[in-house]
Amino acid sequence: VALVVHAWTYDFITDDAYISFVFARNFAEHGELSFNLGSPVEGYTNFLWTLVLGLGMVVGLDPGWTARVLGAACALGTLAVVTATARRVVGPGPWAVVPALLLAASAGFACWTSGGLETQLFTVLVTVALDAVVAAAASPRALRRAGVALALAAMTRPEGPMVAAVLGAAHLVIRGLDRRAGAAPRGWRAEIVAAAWFVALWAPWFAWRWWYYGWPFPNTYYVKATGPWASPDMPGQMLANGAYYVWCWARQTGVVLALPLAAIGLAARARTPRRAVAIAAGAFAVVYLVYTVAVGGDFMGLHRFIMPVFVVAALAIGLGAARLARWAGRPLAGLAIGGALVGWFAVSQLALTRASLRWGNFAADHGIDTPAFLIAYTEDRAAIGRAMAGCFRADDFSIVGGAGAQPYFGRMRGVDVFGLVSERIAHAEPRVRPRAGHTKFGADAVLASYDPTFVFSCYQLHPTPAPPPLPCDVGFWRARGYAPVTLHIPGLRERGTYYTFLAKTARDLQCPGRVR
């Protein structure tokens, strides 16, 4: 109940979620997992999530509603699984629910229970796999559950195979230590079956997507992680941004203060479930955080990118609090420790939730956008898409900034300037920005090669009919037959209700609200 209420405080769909919604709609209506019909480009990194949304749309479910419900269901599933993991260590009783209470109180966990993205699906699958690895120390058959969960995780996020490798290695370490501690020898049947499950689910999908899209990795990988840098200092800036992203998580969640408690919770020598948790969860957290730093973190606030690490931290801290209570030896002292921990965290996270949603809190922190800005940005683009939906012709083609809400509601054909759905930008352009998810930006000549009808990536939102200068080389576009167009769109909130962009002069756009 606490988590659902907390998540409802956010209750939003972010712009990137609408990218998946476009793919899902084209799948439901035309049988194509593509952004532009007839031109499949893998501009998403969450196949399983997109497929589920598309199947929902086949039977008439709105993807915004489906994403909210599934996100909440997956988050609640994570609470159940992490409680089961805690019980393996501390036994049944109130201490087993402390990790779940910490997650329910977390501003970041609640925020990305909403948002419309695959975050909580990936998190629950990783949590299931982690629990299975811990359980396998006593019951090897549990590894089958890990194999299935990790295969589905790998079909949900591209980090899935990395997680599978880490947890697989952790299992082998746990098994080796148990063998040295006198565990009865056994064969490798459980490991072989788990690996077979993973390969049987993941490999056919991987082969299909390579055949369908023509590349071994998603287009988003080539956008975000390949290509020469425009400046030699940018790789270092990306690492600095990634380190700052992880630091923000540690500081805003209080993990940096709770590290001693987490160490107490994971400290173990004997052959126990606690040692299995320490090895598997510790290895996963270290590798995942290093990976996060290496890719520069994320541009969305409240730590979406490292959500599975929230689970590990909550588990370790909860186990540490339980051990302190046991050392205290008195029930009231234990109750005080648990109550103080959860209460302090809930109060601090409530303050963070309020601050992150405060209207006007739009300034990015080292390239990290606040939830308030993400909400305002998406709502404005949705309003623009709805207002222009009846103004497009079948042969119109657009260049957009955000490839989400505006194309979804406007039913626009086009590509985004960052290259998520553009192979030309993804494979030909250098990385010109040290910001996660936005390292590439299509040059004017590349964008013009699409012969777009509208250039929405060159735009201004403003409060009066007279537009300010556009933030692009207007002369380049004027020479090719484009001119600024201004629409009045009531309801825009971020910077004003007038929207100016570039359009082909010959198109003579007829659209309600056009300022002449």
# chains A, B, ... in the order shown; residues from 1 in each chain; ligands from 1
>>> residues_around(residues="A:Asp62", least_positions_apart="4", cutoff="10 Å", atoms="only C-alpha atoms", output="ChimeraX atom specification")
/A:21,25,53-54,56-58,66-67
>>> write_last_selection(atoms="C-alpha atoms", output="short mmCIF file (atom, residue, chain, number, x, y, z; two decimals), in the first residue's frame")
data_model
loop_
_atom_site.label_atom_id
_atom_site.label_comp_id
_atom_site.auth_asym_id
_atom_site.auth_seq_id
_atom_site.Cartn_x
_atom_site.Cartn_y
_atom_site.Cartn_z
CA PHE A 21 4.49 2.99 -27.47
CA ARG A 25 1.27 0.48 -31.83
CA LEU A 53 2.55 -3.35 -24.51
CA GLY A 54 1.91 -4.23 -28.15
CA GLY A 56 -2.09 -5.25 -24.88
CA MET A 57 -2.84 -2.83 -27.72
CA VAL A 58 -3.95 -5.76 -29.89
CA THR A 66 -0.89 -0.96 -19.22
CA ALA A 67 2.55 0.46 -18.45
#
>>> residues_around(residues="A:Tyr288", least_positions_apart="6", cutoff="10 Å", atoms="only C-alpha atoms", output="list in words")
Glu159, Met162, Val163, Val166, Gly282, Ala294, Phe305, Ile306, Pro308 and Val309 of chain A
>>> write_last_selection(atoms="N, CA, C and O atoms", output="PDB file, in the first residue's frame")
ATOM      1  N   GLU A 159      21.663  -4.841 -20.650  1.00  0.00           N
ATOM      2  CA  GLU A 159      22.580  -5.221 -19.573  1.00  0.00           C
ATOM      3  C   GLU A 159      22.333  -6.643 -19.076  1.00  0.00           C
ATOM      4  O   GLU A 159      23.113  -7.165 -18.274  1.00  0.00           O
ATOM      5  N   MET A 162      25.175  -9.255 -19.177  1.00  0.00           N
ATOM      6  CA  MET A 162      26.206  -8.929 -18.187  1.00  0.00           C
ATOM      7  C   MET A 162      25.786  -9.402 -16.799  1.00  0.00           C
ATOM      8  O   MET A 162      26.587  -9.989 -16.053  1.00  0.00           O
ATOM      9  N   VAL A 163      24.520  -9.165 -16.445  1.00  0.00           N
ATOM     10  CA  VAL A 163      24.012  -9.609 -15.146  1.00  0.00           C
ATOM     11  C   VAL A 163      24.070 -11.128 -15.051  1.00  0.00           C
ATOM     12  O   VAL A 163      24.457 -11.696 -14.015  1.00  0.00           O
ATOM     13  N   VAL A 166      27.627 -12.207 -14.345  1.00  0.00           N
ATOM     14  CA  VAL A 166      28.054 -11.913 -12.971  1.00  0.00           C
ATOM     15  C   VAL A 166      27.430 -12.892 -11.985  1.00  0.00           C
ATOM     16  O   VAL A 166      28.118 -13.450 -11.115  1.00  0.00           O
ATOM     17  N   GLY A 282      26.882  -8.679  -3.634  1.00  0.00           N
ATOM     18  CA  GLY A 282      28.060  -7.812  -3.672  1.00  0.00           C
ATOM     19  C   GLY A 282      28.690  -7.751  -5.042  1.00  0.00           C
ATOM     20  O   GLY A 282      29.033  -6.664  -5.538  1.00  0.00           O
ATOM     21  N   ALA A 294      30.924   3.792 -16.283  1.00  0.00           N
ATOM     22  CA  ALA A 294      31.560   3.695 -17.599  1.00  0.00           C
ATOM     23  C   ALA A 294      30.693   4.260 -18.713  1.00  0.00           C
ATOM     24  O   ALA A 294      31.213   4.825 -19.685  1.00  0.00           O
ATOM     25  N   PHE A 305      18.506   4.200 -13.807  1.00  0.00           N
ATOM     26  CA  PHE A 305      19.395   3.272 -14.484  1.00  0.00           C
ATOM     27  C   PHE A 305      19.918   2.176 -13.552  1.00  0.00           C
ATOM     28  O   PHE A 305      20.274   1.096 -14.016  1.00  0.00           O
ATOM     29  N   ILE A 306      19.982   2.451 -12.261  1.00  0.00           N
ATOM     30  CA  ILE A 306      20.558   1.469 -11.336  1.00  0.00           C
ATOM     31  C   ILE A 306      19.506   0.947 -10.358  1.00  0.00           C
ATOM     32  O   ILE A 306      19.828   0.577  -9.235  1.00  0.00           O
ATOM     33  N   PRO A 308      17.990  -1.935  -9.998  1.00  0.00           N
ATOM     34  CA  PRO A 308      18.233  -3.213  -9.318  1.00  0.00           C
ATOM     35  C   PRO A 308      19.201  -3.097  -8.143  1.00  0.00           C
ATOM     36  O   PRO A 308      19.141  -3.898  -7.205  1.00  0.00           O
ATOM     37  N   VAL A 309      20.093  -2.106  -8.182  1.00  0.00           N
ATOM     38  CA  VAL A 309      21.029  -1.931  -7.071  1.00  0.00           C
ATOM     39  C   VAL A 309      20.301  -1.423  -5.832  1.00  0.00           C
ATOM     40  O   VAL A 309      20.753  -1.646  -4.707  1.00  0.00           O
TER      41      VAL A 309
END
>>> atom_distance(atom1="atom CA of A:Tyr244", atom2="atom CA of A:Ala107")
18.4 Å
>>> closest_residue(among="A:Ala258, A:Leu332, A:Val124, A:Ala132", to="A:Pro273", atoms="only C-alpha atoms")
A:Ala132
>>> select_by_dssp(residues="stretch 2-89 of chain A", states="helix (DSSP H, G or I)", output="PyMOL selection string")
chain A and resi 2-10+15-30+47-58+63-89
>>> closest_residue(among="A:Phe109, A:Trp8, A:Trp247, A:Phe23", to="A:Val69", atoms="only C-alpha atoms")
A:Trp8
>>> closest_residue(among="A:Val312, A:Leu48, A:Leu502, A:Leu76", to="A:Leu201", atoms="only C-alpha atoms")
A:Leu48
>>> closest_residue(among="A:Leu130, A:Leu352, A:Ala346, A:Ala466", to="A:Ala285", atoms="only C-alpha atoms")
A:Leu130
>>> closest_residue(among="A:Ser422, A:Phe362, A:Val193, A:Arg435", to="A:Val295", atoms="only C-alpha atoms")
A:Arg435
>>> atom_distance(atom1="atom CA of A:Arg393", atom2="atom CA of A:Val22")
17.8 Å
>>> residues_around(residues="stretch 28-41 of chain A", least_positions_apart="3", cutoff="10 Å", atoms="only C-alpha atoms", output="MDAnalysis selection string")
chainID A and resid 19:25 44 47 50:51 53:60 212:215 218:220 397 403 407:408 412:415 420:423
